[in-house]
>>> print(open('query29.pdb').read())   # PDB, C-alpha atoms (C1' of nucleotides)
ATOM      1  CA  MET A 275      67.888 -11.580 -40.097
ATOM      2  CA  ASN A 276      70.914  -9.422 -40.604
ATOM      3  CA  ASP A 277      68.551  -6.842 -42.015
ATOM      4  CA  ILE A 278      66.662  -7.002 -38.768
ATOM      5  CA  LYS A 279      69.850  -6.575 -36.767
ATOM      6  CA  GLN A 280      70.780  -3.587 -38.836
ATOM      7  CA  PHE A 281      67.306  -2.233 -38.546
ATOM      8  CA  LEU A 282      67.422  -2.478 -34.754
ATOM      9  CA  ARG A 283      70.912  -1.009 -34.557
ATOM     10  CA  SER A 284      69.904   1.883 -36.747
ATOM     11  CA  ASN A 285      67.267   2.631 -34.158
ATOM     12  CA  ALA A 286      69.724   2.495 -31.305
ATOM     13  CA  LEU A 287      68.303  -0.787 -30.087
ATOM     14  CA  ARG A 288      70.676  -3.573 -29.238
ATOM     15  CA  PRO A 289      69.696  -6.551 -31.398
ATOM     16  CA  THR A 290      68.924  -9.132 -28.759
ATOM     17  CA  LYS A 291      67.395 -12.509 -29.559
ATOM     18  CA  GLN A 292      64.033 -11.382 -28.278
ATOM     19  CA  ARG A 293      63.939  -8.101 -30.146
ATOM     20  CA  ILE A 294      64.944  -9.857 -33.340
ATOM     21  CA  VAL A 295      62.081 -12.295 -33.008
ATOM     22  CA  ILE A 296      59.572  -9.594 -32.165
ATOM     23  CA  ALA A 297      60.726  -7.221 -34.890
ATOM     24  CA  GLY A 298      60.794 -10.096 -37.344
ATOM     25  CA  TYR A 299      57.172 -10.781 -36.607
ATOM     26  CA  LEU A 300      55.932  -7.207 -36.409
ATOM     27  CA  PHE A 301      57.772  -5.789 -39.400
ATOM     28  CA  ASP A 302      57.281  -8.555 -41.921
ATOM     29  CA  GLY A 303      55.703  -6.185 -44.411
ATOM     30  CA  THR A 304      52.075  -6.586 -43.448
ATOM     31  CA  ASP A 305      50.348  -4.070 -41.199
ATOM     32  CA  LYS A 306      49.451  -5.424 -37.801
ATOM     33  CA  HIS A 307      47.557  -4.367 -34.708
ATOM     34  CA  VAL A 308      48.743  -6.042 -31.541
ATOM     35  CA  THR A 309      48.345  -5.943 -27.797
ATOM     36  CA  ALA A 310      50.984  -7.318 -25.447
ATOM     37  CA  GLU A 311      48.773 -10.325 -24.930
ATOM     38  CA  SER A 312      48.021 -10.999 -28.597
ATOM     39  CA  LEU A 313      51.671 -10.615 -29.504
ATOM     40  CA  SER A 314      52.669 -13.068 -26.812
ATOM     41  CA  THR A 315      50.118 -15.587 -28.069
ATOM     42  CA  GLU A 316      51.169 -15.150 -31.666
ATOM     43  CA  LEU A 317      54.845 -15.670 -30.862
ATOM     44  CA  ALA A 318      54.054 -18.675 -28.690
ATOM     45  CA  LYS A 319      52.333 -20.291 -31.684
ATOM     46  CA  ARG A 320      55.635 -19.892 -33.468
ATOM     47  CA  LYS A 321      57.458 -21.537 -30.550
ATOM     48  CA  HIS A 322      58.996 -18.310 -29.370
ATOM     49  CA  ILE A 323      58.440 -17.985 -25.661
ATOM     50  CA  ILE A 324      59.284 -14.485 -24.530
ATOM     51  CA  SER A 325      58.326 -13.162 -21.128
ATOM     52  CA  LEU A 326      55.464 -10.708 -20.976
ATOM     53  CA  ALA A 327      57.722  -8.183 -19.268
ATOM     54  CA  THR A 328      60.018  -8.261 -22.266
ATOM     55  CA  ILE A 329      57.111  -7.971 -24.650
ATOM     56  CA  TYR A 330      55.940  -4.861 -22.830
ATOM     57  CA  ASN A 331      59.469  -3.482 -22.737
ATOM     58  CA  THR A 332      59.991  -4.110 -26.403
ATOM     59  CA  LEU A 333      56.680  -2.655 -27.520
ATOM     60  CA  HIS A 334      57.518   0.476 -25.587
ATOM     61  CA  ASP A 335      61.058   0.614 -26.925
ATOM     62  CA  PHE A 336      59.728   0.328 -30.460
ATOM     63  CA  TYR A 337      57.079   2.915 -29.756
ATOM     64  CA  GLU A 338      59.587   5.354 -28.269
ATOM     65  CA  ASN A 339      61.608   5.001 -31.425
ATOM     66  CA  GLY A 340      58.668   5.703 -33.679
ATOM     67  CA  LEU A 341      58.469   2.173 -35.035
ATOM     68  CA  LEU A 342      54.951   1.677 -33.706
ATOM     69  CA  LYS A 343      51.902   3.809 -33.195
ATOM     70  CA  LYS A 344      49.979   3.579 -29.978
ATOM     71  CA  LEU A 345      46.202   3.426 -30.300
ATOM     72  CA  THR A 346      43.687   4.620 -27.787
ATOM     73  CA  LEU A 347      40.634   2.594 -28.563
ATOM     74  CA  SER A 348      39.212   1.365 -25.322
ATOM     75  CA  ALA A 349      40.274   1.851 -21.778
ATOM     76  CA  ASP A 350      41.112  -1.716 -21.019
ATOM     77  CA  ARG A 351      44.217  -2.404 -23.043
ATOM     78  CA  VAL A 352      46.754  -0.729 -25.279
ATOM     79  CA  TYR A 353      46.968  -1.475 -28.982
ATOM     80  CA  PHE A 354      50.057  -0.950 -31.088
ATOM     81  CA  ASP A 355      49.942  -0.480 -34.825
ATOM     82  CA  THR A 356      52.805  -1.275 -37.173
ATOM     83  CA  ASN A 357      51.434   1.193 -39.669
ATOM     84  CA  THR A 358      53.013   4.436 -38.550
ATOM     85  CA  ASP A 359      51.639   6.551 -41.385
ATOM     86  CA  ASP A 360      48.883   9.025 -40.649
ATOM     87  CA  HIS A 361      45.726   7.005 -40.735
ATOM     88  CA  HIS A 362      42.606   6.253 -38.757
ATOM     89  CA  HIS A 363      40.431   3.334 -37.665
ATOM     90  CA  PHE A 364      37.141   1.574 -37.687
ATOM     91  CA  TYR A 365      36.712  -0.060 -34.323
ATOM     92  CA  SER A 366      34.173  -2.310 -32.685
ATOM     93  CA  GLU A 367      34.862  -2.806 -29.033
ATOM     94  CA  LYS A 368      32.341  -5.587 -28.741
ATOM     95  CA  GLU A 369      33.915  -7.608 -31.506
ATOM     96  CA  GLN A 370      37.524  -6.520 -31.028
ATOM     97  CA  PHE A 371      37.229  -5.531 -34.654
ATOM     98  CA  LEU A 372      39.856  -3.067 -35.853
ATOM     99  CA  ILE A 373      40.713  -1.979 -39.370
ATOM    100  CA  ASP A 374      42.763   0.796 -40.858
ATOM    101  CA  ILE A 375      41.316   3.681 -42.752
ATOM    102  CA  ASN A 376      44.139   4.599 -45.051
ATOM    103  CA  LYS A 377      42.108   6.841 -47.273
ATOM    104  CA  ASN A 378      42.842  10.477 -46.984
ATOM    105  CA  ILE A 379      40.511  11.704 -44.324
ATOM    106  CA  LYS A 380      40.092  15.431 -43.842
ATOM    107  CA  VAL A 381      38.947  16.930 -40.598
ATOM    108  CA  ASN A 382      37.419  20.330 -41.293
ATOM    109  CA  GLY A 383      36.225  23.009 -38.938
ATOM    110  CA  LEU A 384      38.730  22.602 -36.129
ATOM    111  CA  PRO A 385      38.820  25.652 -33.872
ATOM    112  CA  LYS A 386      42.154  27.213 -33.194
ATOM    113  CA  THR A 387      44.543  25.281 -31.030
ATOM    114  CA  PRO A 388      44.599  26.326 -27.373
ATOM    115  CA  LYS A 389      47.259  28.904 -26.512
ATOM    116  CA  ASN A 390      50.792  27.624 -26.171
ATOM    117  CA  LYS A 391      49.833  24.167 -27.310
ATOM    118  CA  LYS A 392      50.834  22.278 -30.400
ATOM    119  CA  ILE A 393      48.889  19.551 -32.109
ATOM    120  CA  ASN A 394      50.662  16.254 -31.845
ATOM    121  CA  LYS A 395      48.232  14.142 -33.813
ATOM    122  CA  ILE A 396      44.601  13.966 -34.786
ATOM    123  CA  GLU A 397      42.957  10.644 -34.137
ATOM    124  CA  VAL A 398      39.691   9.690 -35.771
ATOM    125  CA  ILE A 399      37.999   6.591 -34.433
ATOM    126  CA  VAL A 400      34.866   5.373 -36.146
ATOM    127  CA  HIS A 401      33.112   3.279 -33.540
ATOM    128  CA  LEU A 402      30.957   0.493 -34.954
ATOM    129  CA  ASP A 403      28.083  -1.152 -33.140
ATOM    130  CA  LYS A 404      27.567  -0.116 -29.568
TER     131      LYS A 404
ATOM    132  CA  MET B   8      16.176  18.850  -5.512
ATOM    133  CA  ASN B   9      12.716  17.714  -6.485
ATOM    134  CA  ASP B  10      13.707  18.482 -10.030
ATOM    135  CA  ILE B  11      16.577  16.091  -9.601
ATOM    136  CA  LYS B  12      14.311  13.408  -8.216
ATOM    137  CA  GLN B  13      11.981  13.837 -11.143
ATOM    138  CA  PHE B  14      14.899  13.845 -13.508
ATOM    139  CA  LEU B  15      16.157  10.559 -12.092
ATOM    140  CA  ARG B  16      12.724   8.987 -12.063
ATOM    141  CA  SER B  17      12.144   9.987 -15.647
ATOM    142  CA  ASN B  18      15.251   8.008 -16.468
ATOM    143  CA  ALA B  19      14.057   4.954 -14.596
ATOM    144  CA  LEU B  20      16.592   5.524 -11.861
ATOM    145  CA  ARG B  21      15.422   5.372  -8.275
ATOM    146  CA  PRO B  22      16.320   8.685  -6.668
ATOM    147  CA  THR B  23      18.563   7.568  -3.848
ATOM    148  CA  LYS B  24      20.531   9.967  -1.675
ATOM    149  CA  GLN B  25      23.724   9.152  -3.493
ATOM    150  CA  ARG B  26      22.327   9.514  -6.987
ATOM    151  CA  ILE B  27      20.743  12.823  -6.059
ATOM    152  CA  VAL B  28      24.067  14.158  -4.838
ATOM    153  CA  ILE B  29      25.943  12.901  -7.866
ATOM    154  CA  ALA B  30      23.356  14.105 -10.365
ATOM    155  CA  GLY B  31      23.156  17.435  -8.554
ATOM    156  CA  TYR B  32      26.859  17.884  -9.023
ATOM    157  CA  LEU B  33      27.161  16.564 -12.573
ATOM    158  CA  PHE B  34      24.101  18.214 -14.072
ATOM    159  CA  ASP B  35      24.339  21.681 -12.589
ATOM    160  CA  GLY B  36      24.317  23.294 -16.003
ATOM    161  CA  THR B  37      28.046  23.453 -16.663
ATOM    162  CA  ASP B  38      29.735  20.851 -18.811
ATOM    163  CA  LYS B  39      32.081  18.579 -16.915
ATOM    164  CA  HIS B  40      34.600  15.865 -17.565
ATOM    165  CA  VAL B  41      35.061  13.447 -14.698
ATOM    166  CA  THR B  42      36.698  10.182 -13.790
ATOM    167  CA  ALA B  43      35.476   8.029 -10.918
ATOM    168  CA  GLU B  44      38.395   9.297  -8.899
ATOM    169  CA  SER B  45      37.971  12.985  -9.686
ATOM    170  CA  LEU B  46      34.259  12.800  -9.007
ATOM    171  CA  SER B  47      34.892  11.149  -5.658
ATOM    172  CA  THR B  48      37.383  13.864  -4.727
ATOM    173  CA  GLU B  49      35.080  16.639  -5.827
ATOM    174  CA  LEU B  50      32.175  15.276  -3.801
ATOM    175  CA  ALA B  51      34.386  14.730  -0.782
ATOM    176  CA  LYS B  52      35.306  18.416  -0.886
ATOM    177  CA  ARG B  53      31.597  19.085  -0.570
ATOM    178  CA  LYS B  54      31.387  16.721   2.402
ATOM    179  CA  HIS B  55      29.615  14.017   0.474
ATOM    180  CA  ILE B  56      31.326  10.743   1.101
ATOM    181  CA  ILE B  57      30.092   8.141  -1.325
ATOM    182  CA  SER B  58      31.797   4.823  -1.828
ATOM    183  CA  LEU B  59      33.839   4.369  -4.968
ATOM    184  CA  ALA B  60      31.751   1.332  -5.866
ATOM    185  CA  THR B  61      28.640   3.486  -5.889
ATOM    186  CA  ILE B  62      30.377   6.152  -7.914
ATOM    187  CA  TYR B  63      31.305   3.570 -10.511
ATOM    188  CA  ASN B  64      27.805   2.118 -10.432
ATOM    189  CA  THR B  65      26.208   5.508 -10.813
ATOM    190  CA  LEU B  66      28.451   6.685 -13.617
ATOM    191  CA  HIS B  67      27.589   3.516 -15.496
ATOM    192  CA  ASP B  68      23.890   3.831 -14.748
ATOM    193  CA  PHE B  69      23.919   7.383 -16.059
ATOM    194  CA  TYR B  70      25.935   6.324 -19.074
ATOM    195  CA  GLU B  71      23.582   3.466 -19.863
ATOM    196  CA  ASN B  72      20.729   5.931 -19.789
ATOM    197  CA  GLY B  73      22.424   8.321 -22.145
ATOM    198  CA  LEU B  74      23.018  10.989 -19.519
ATOM    199  CA  LEU B  75      26.775  10.815 -19.961
ATOM    200  CA  LYS B  76      29.196  10.221 -22.780
ATOM    201  CA  LYS B  77      32.125   7.912 -22.280
ATOM    202  CA  LEU B  78      35.463   9.136 -23.592
ATOM    203  CA  THR B  79      38.349   7.038 -24.778
ATOM    204  CA  LEU B  80      41.327   9.254 -24.281
ATOM    205  CA  SER B  81      44.048   7.246 -22.695
ATOM    206  CA  ALA B  82      44.251   3.654 -21.688
ATOM    207  CA  ASP B  83      44.592   4.176 -18.000
ATOM    208  CA  ARG B  84      41.231   5.519 -16.909
ATOM    209  CA  VAL B  85      37.748   6.233 -18.200
ATOM    210  CA  TYR B  86      36.437   9.757 -18.598
ATOM    211  CA  PHE B  87      32.768  10.676 -18.594
ATOM    212  CA  ASP B  88      31.446  13.841 -20.196
ATOM    213  CA  THR B  89      28.234  15.573 -19.170
ATOM    214  CA  ASN B  90      28.006  17.114 -22.609
ATOM    215  CA  THR B  91      26.164  14.445 -24.574
ATOM    216  CA  ASP B  92      25.883  16.403 -27.801
ATOM    217  CA  ASP B  93      28.025  15.388 -30.729
ATOM    218  CA  HIS B  94      31.340  17.010 -30.113
ATOM    219  CA  HIS B  95      35.037  16.305 -29.955
ATOM    220  CA  HIS B  96      38.096  17.047 -27.833
ATOM    221  CA  PHE B  97      41.489  18.563 -27.455
ATOM    222  CA  TYR B  98      43.469  16.370 -25.120
ATOM    223  CA  SER B  99      46.883  16.429 -23.535
ATOM    224  CA  GLU B 100      47.669  13.243 -21.714
ATOM    225  CA  LYS B 101      50.725  14.738 -20.070
ATOM    226  CA  GLU B 102      48.799  17.623 -18.599
ATOM    227  CA  GLN B 103      45.454  15.880 -18.132
ATOM    228  CA  PHE B 104      44.199  18.751 -20.230
ATOM    229  CA  LEU B 105      40.812  18.194 -21.836
ATOM    230  CA  ILE B 106      38.515  20.638 -23.568
ATOM    231  CA  ASP B 107      35.486  20.336 -25.739
ATOM    232  CA  ILE B 108      35.410  21.176 -29.391
ATOM    233  CA  ASN B 109      31.828  22.164 -29.898
ATOM    234  CA  LYS B 110      32.319  23.670 -33.301
ATOM    235  CA  ASN B 111      30.890  21.739 -36.128
ATOM    236  CA  ILE B 112      33.654  19.454 -37.227
ATOM    237  CA  LYS B 113      33.325  17.603 -40.510
ATOM    238  CA  VAL B 114      35.147  14.405 -41.248
ATOM    239  CA  ASN B 115      35.454  14.003 -44.999
ATOM    240  CA  GLY B 116      36.709  11.120 -47.060
ATOM    241  CA  LEU B 117      35.576   8.213 -44.939
ATOM    242  CA  PRO B 118      35.579   4.961 -46.884
ATOM    243  CA  LYS B 119      32.431   2.927 -46.864
ATOM    244  CA  THR B 120      31.504   1.251 -43.624
ATOM    245  CA  PRO B 121      32.513  -2.411 -43.388
ATOM    246  CA  LYS B 122      29.800  -4.847 -44.446
ATOM    247  CA  ASN B 123      27.015  -5.476 -41.966
ATOM    248  CA  LYS B 124      28.306  -2.829 -39.584
ATOM    249  CA  LYS B 125      26.757   0.415 -38.536
ATOM    250  CA  ILE B 126      28.564   3.500 -37.369
ATOM    251  CA  ASN B 127      27.844   4.193 -33.736
ATOM    252  CA  LYS B 128      29.839   7.363 -33.364
ATOM    253  CA  ILE B 129      32.816   9.166 -34.814
ATOM    254  CA  GLU B 130      35.316  10.346 -32.254
ATOM    255  CA  VAL B 131      37.912  12.961 -33.105
ATOM    256  CA  ILE B 132      40.668  13.452 -30.551
ATOM    257  CA  VAL B 133      43.170  16.210 -31.141
ATOM    258  CA  HIS B 134      46.196  15.190 -29.101
ATOM    259  CA  LEU B 135      48.309  18.072 -27.865
ATOM    260  CA  ASP B 136      51.961  17.821 -26.878
ATOM    261  CA  LYS B 137      53.411  14.374 -26.807
TER     262      LYS B 137
ATOM    263  C1'  DT C 156       3.906   0.172   7.810
ATOM    264  C1'  DA C 157       5.523  -4.426   6.170
ATOM    265  C1'  DT C 158       7.555  -6.161   2.244
ATOM    266  C1'  DC C 159      10.671  -6.563  -1.353
ATOM    267  C1'  DA C 160      13.227  -5.267  -5.331
ATOM    268  C1'  DG C 161      16.597  -2.129  -6.200
ATOM    269  C1'  DT C 162      20.918   0.139  -3.968
ATOM    270  C1'  DT C 163      24.928   0.862  -1.395
ATOM    271  C1'  DT C 164      29.070  -0.644   0.509
ATOM    272  C1'  DA C 165      33.493  -2.688   2.395
ATOM    273  C1'  DG C 166      36.543  -5.503   1.069
ATOM    274  C1'  DA C 167      38.072  -9.081  -1.981
ATOM    275  C1'  DA C 168      39.085 -10.177  -6.701
ATOM    276  C1'  DT C 169      40.557  -9.204 -11.363
ATOM    277  C1'  DG C 170      43.481  -8.035 -15.038
ATOM    278  C1'  DA C 171      46.518  -5.107 -17.596
ATOM    279  C1'  DT C 172      50.658  -3.104 -16.822
ATOM    280  C1'  DT C 173      54.859  -1.743 -14.269
ATOM    281  C1'  DC C 174      58.459  -2.557 -11.010
ATOM    282  C1'  DT C 175      62.391  -5.013  -8.765
ATOM    283  C1'  DA C 176      66.554  -6.994  -8.465
ATOM    284  C1'  DA C 177      69.092 -10.841  -9.909
ATOM    285  C1'  DA C 178      70.866 -13.413 -13.785
ATOM    286  C1'  DG C 179      72.119 -13.170 -18.629
ATOM    287  C1'  DT C 180      74.173 -11.167 -22.944
ATOM    288  C1'  DG C 181      75.728  -7.830 -26.673
ATOM    289  C1'  DT C 182      79.598  -4.687 -27.372
ATOM    290  C1'  DT C 183      83.928  -2.744 -26.983
ATOM    291  C1'  DG C 184      88.758  -1.954 -26.248
ATOM    292  C1'  DA C 185      93.103  -4.031 -25.579
TER     293       DA C 185
ATOM    294  C1'  DT D 218      89.992 -13.523 -28.170
ATOM    295  C1'  DC D 219      88.258 -11.991 -23.939
ATOM    296  C1'  DA D 220      87.419  -9.277 -19.785
ATOM    297  C1'  DA D 221      84.441  -5.906 -18.241
ATOM    298  C1'  DC D 222      80.424  -3.417 -18.164
ATOM    299  C1'  DA D 223      76.268  -1.410 -19.643
ATOM    300  C1'  DC D 224      72.160  -2.888 -21.459
ATOM    301  C1'  DT D 225      68.429  -6.676 -21.388
ATOM    302  C1'  DT D 226      65.612 -10.227 -19.870
ATOM    303  C1'  DT D 227      62.891 -12.371 -16.535
ATOM    304  C1'  DA D 228      60.008 -14.318 -12.643
ATOM    305  C1'  DG D 229      57.431 -12.793  -9.455
ATOM    306  C1'  DA D 230      55.783  -9.073  -6.683
ATOM    307  C1'  DA D 231      53.478  -4.717  -6.777
ATOM    308  C1'  DT D 232      50.272  -1.294  -8.559
ATOM    309  C1'  DC D 233      46.100   0.668  -9.820
ATOM    310  C1'  DA D 234      41.662   1.255 -12.063
ATOM    311  C1'  DT D 235      37.773  -1.217 -12.127
ATOM    312  C1'  DT D 236      34.497  -4.999 -11.090
ATOM    313  C1'  DC D 237      32.557  -8.407  -8.103
ATOM    314  C1'  DT D 238      30.400 -10.344  -3.866
ATOM    315  C1'  DA D 239      27.232 -10.782  -0.544
ATOM    316  C1'  DA D 240      25.422  -8.554   3.351
ATOM    317  C1'  DA D 241      23.130  -4.469   5.085
ATOM    318  C1'  DC D 242      20.146  -0.753   3.711
ATOM    319  C1'  DT D 243      16.283   1.930   1.674
ATOM    320  C1'  DG D 244      12.793   3.737  -1.751
ATOM    321  C1'  DA D 245       8.327   2.329  -3.498
ATOM    322  C1'  DT D 246       4.089  -0.008  -3.131
ATOM    323  C1'  DA D 247      -0.021  -2.055  -1.172
TER     324       DA D 247
END
>>> encode(input="query29.pdb", output="structure tokens")
Amino acid sequence: MNDIKQFLRSNALRPTKQRIVIAGYLFDGTDKHVTAESLSTELAKRKHIISLATIYNTLHDFYENGLLKKLTLSADRVYFDTNTDDHHHFYSEKEQFLIDINKNIKVNGLPKTPKNKKINKIEVIVHLDK
Amino acid sequence: MNDIKQFLRSNALRPTKQRIVIAGYLFDGTDKHVTAESLSTELAKRKHIISLATIYNTLHDFYENGLLKKLTLSADRVYFDTNTDDHHHFYSEKEQFLIDINKNIKVNGLPKTPKNKKINKIEVIVHLDK
DNA sequence: TATCAGTTTAGAATGATTCTAAAGTGTTGA
DNA sequence: TCAACACTTTAGAATCATTCTAAACTGATA
């Protein structure tokens, strides 16, 4: 609890009740993939009712501070990943199935980066099913 | 024109005025990336006013028939690619910058596919800038 | 050429996300 | 300790890409 407060402060985020609850859930030591909706549902189960607006705000605040990764898996919703290490994903849109690939993947044969551009990240998505 | 009709028929798509115009634009021999919106704008420039609903319908019809690839680049809109070969992309969300990587990319070190699943496709997105 | 299934379309509906502006709350300095 | 203020939260409205609806239209076929 105080760890969480410190953790938020150290990321220049005021430790409000809501952020403490959300951070407590997200950063409990196990990797998680969430959407605004799934996070809301999960917190509601735990009797923490936080407005969707705040959930969106908080996910973005955490993302802006590098505490979450944003995943681009399908065009209909945004996923956030608590595992911020370089890693990739197996994904089945049909089944909303999403698992980390933590093994060291190598992408070989990339052409040179376009002029005046820098690579921000390389995302490998292994789509399952169709 | 008759080629286009034949082309559509051979894909079990009735060659309507609208589909002929859209196919004529999309499959003119140069690779293209479009969204429903950009396609609509591009056709309007050519004095072809086609309803957005039809543009969405047609893009999906073409996609379902394997004439287009669907790209998952950002969560706010769907991109379609006339290049249906296996290939990947450089992408800058900020600049709406999108180019094909046609070189033979190899992804090494993938773990084994989850039980009872089959890989549909592997998508590599090289994100530029942030 | 009449018929009908397949298409197109305007406009409404949907659903994720963002915005607004008013009320609430950490933080800080005295 | 507390006043004051900047930062947050929130309900509800707004936005925007996309899908749906159901009525009008049009290729294909006999």
>>> interface_residues(input="query29.pdb", of="chain D", to="chain B", cutoff="12 Å", atoms="only C-alpha atoms (C1' of nucleotides)", output="CSV table (one decimal) with C-alpha atoms (C1' of nucleotides), in the coordinates of the input")
chain,number,residue,atom,x,y,z
D,233,DC,C1',46.1,0.7,-9.8
D,234,DA,C1',41.7,1.3,-12.1
D,235,DT,C1',37.8,-1.2,-12.1
D,236,DT,C1',34.5,-5.0,-11.1
D,237,DC,C1',32.6,-8.4,-8.1
D,238,DT,C1',30.4,-10.3,-3.9
D,242,DC,C1',20.1,-0.8,3.7
D,243,DT,C1',16.3,1.9,1.7
D,244,DG,C1',12.8,3.7,-1.8
D,245,DA,C1',8.3,2.3,-3.5
>>> residues_around(input="query29.pdb", residues="D:DA240", least_positions_apart="3", cutoff="12 Å", atoms="all atoms listed in the file", output="list of chain:residue names")
C:DT163, C:DT164, C:DA165, C:DG166
>>> atom_distance(input="query29.pdb", atom1="atom CA of A:Glu316", atom2="atom CA of A:Phe371")
17.2 Å
>>> resolve_selection(input="query29.pdb", expression="the PyMOL selection byres ((chain C and resi 157) around 12)", output="VMD selection string")
(chain C and resid 156 158 to 159) or (chain D and resid 246 to 247)
>>> residues_around(input="query29.pdb", residues="A:Phe336", least_positions_apart="5", cutoff="10 Å", atoms="all atoms listed in the file", output="number ranges by chain")
A: 282, 285, 287, 293, 297, 330-331, 341-343, 354, 356
>>> atom_distance(input="query29.pdb", atom1="atom CA of A:Leu317", atom2="atom CA of A:Lys344")
19.9 Å
>>> resolve_selection(input="query29.pdb", expression="the PyMOL selection byres ((chain B) within 9 of (chain A))", output="number ranges by chain")
B: 78-85, 97, 108-118, 120-121, 124-137
>>> resolve_selection(input="query29.pdb", expression="the PyMOL selection byres ((chain D and resi 226) around 8)", output="ChimeraX atom specification")
/A:325,328 /C:179 /D:225,227
>>> interface_residues(input="query29.pdb", of="chain C", to="chain A", cutoff="12 Å", atoms="all atoms listed in the file", output="PyMOL selection string")
chain C and resi 170-175+179-182
>>> closest_residue(input="query29.pdb", among="A:Asp355, A:Ser284, A:Asp374, A:Lys368", to="A:Tyr337", atoms="only C-alpha atoms")
A:Asp355
>>> residues_around(input="query29.pdb", residues="D:DA221", least_positions_apart="3", cutoff="12 Å", atoms="only C-alpha atoms (C1' of nucleotides)", output="NGL selection string")
:C and (182-185)
>>> axis_aligned_box(input="query29.pdb", around="stretch 219-234 of chain D", padding_each_side="3 Å", output="AutoDock Vina command-line options")
--center_x 65.0 --center_y -6.5 --center_z -15.3 --size_x 52.6 --size_y 21.6 --size_z 23.3
>>> atom_distance(input="query29.pdb", atom1="atom CA of A:His363", atom2="atom CA of B:His94")
18.1 Å
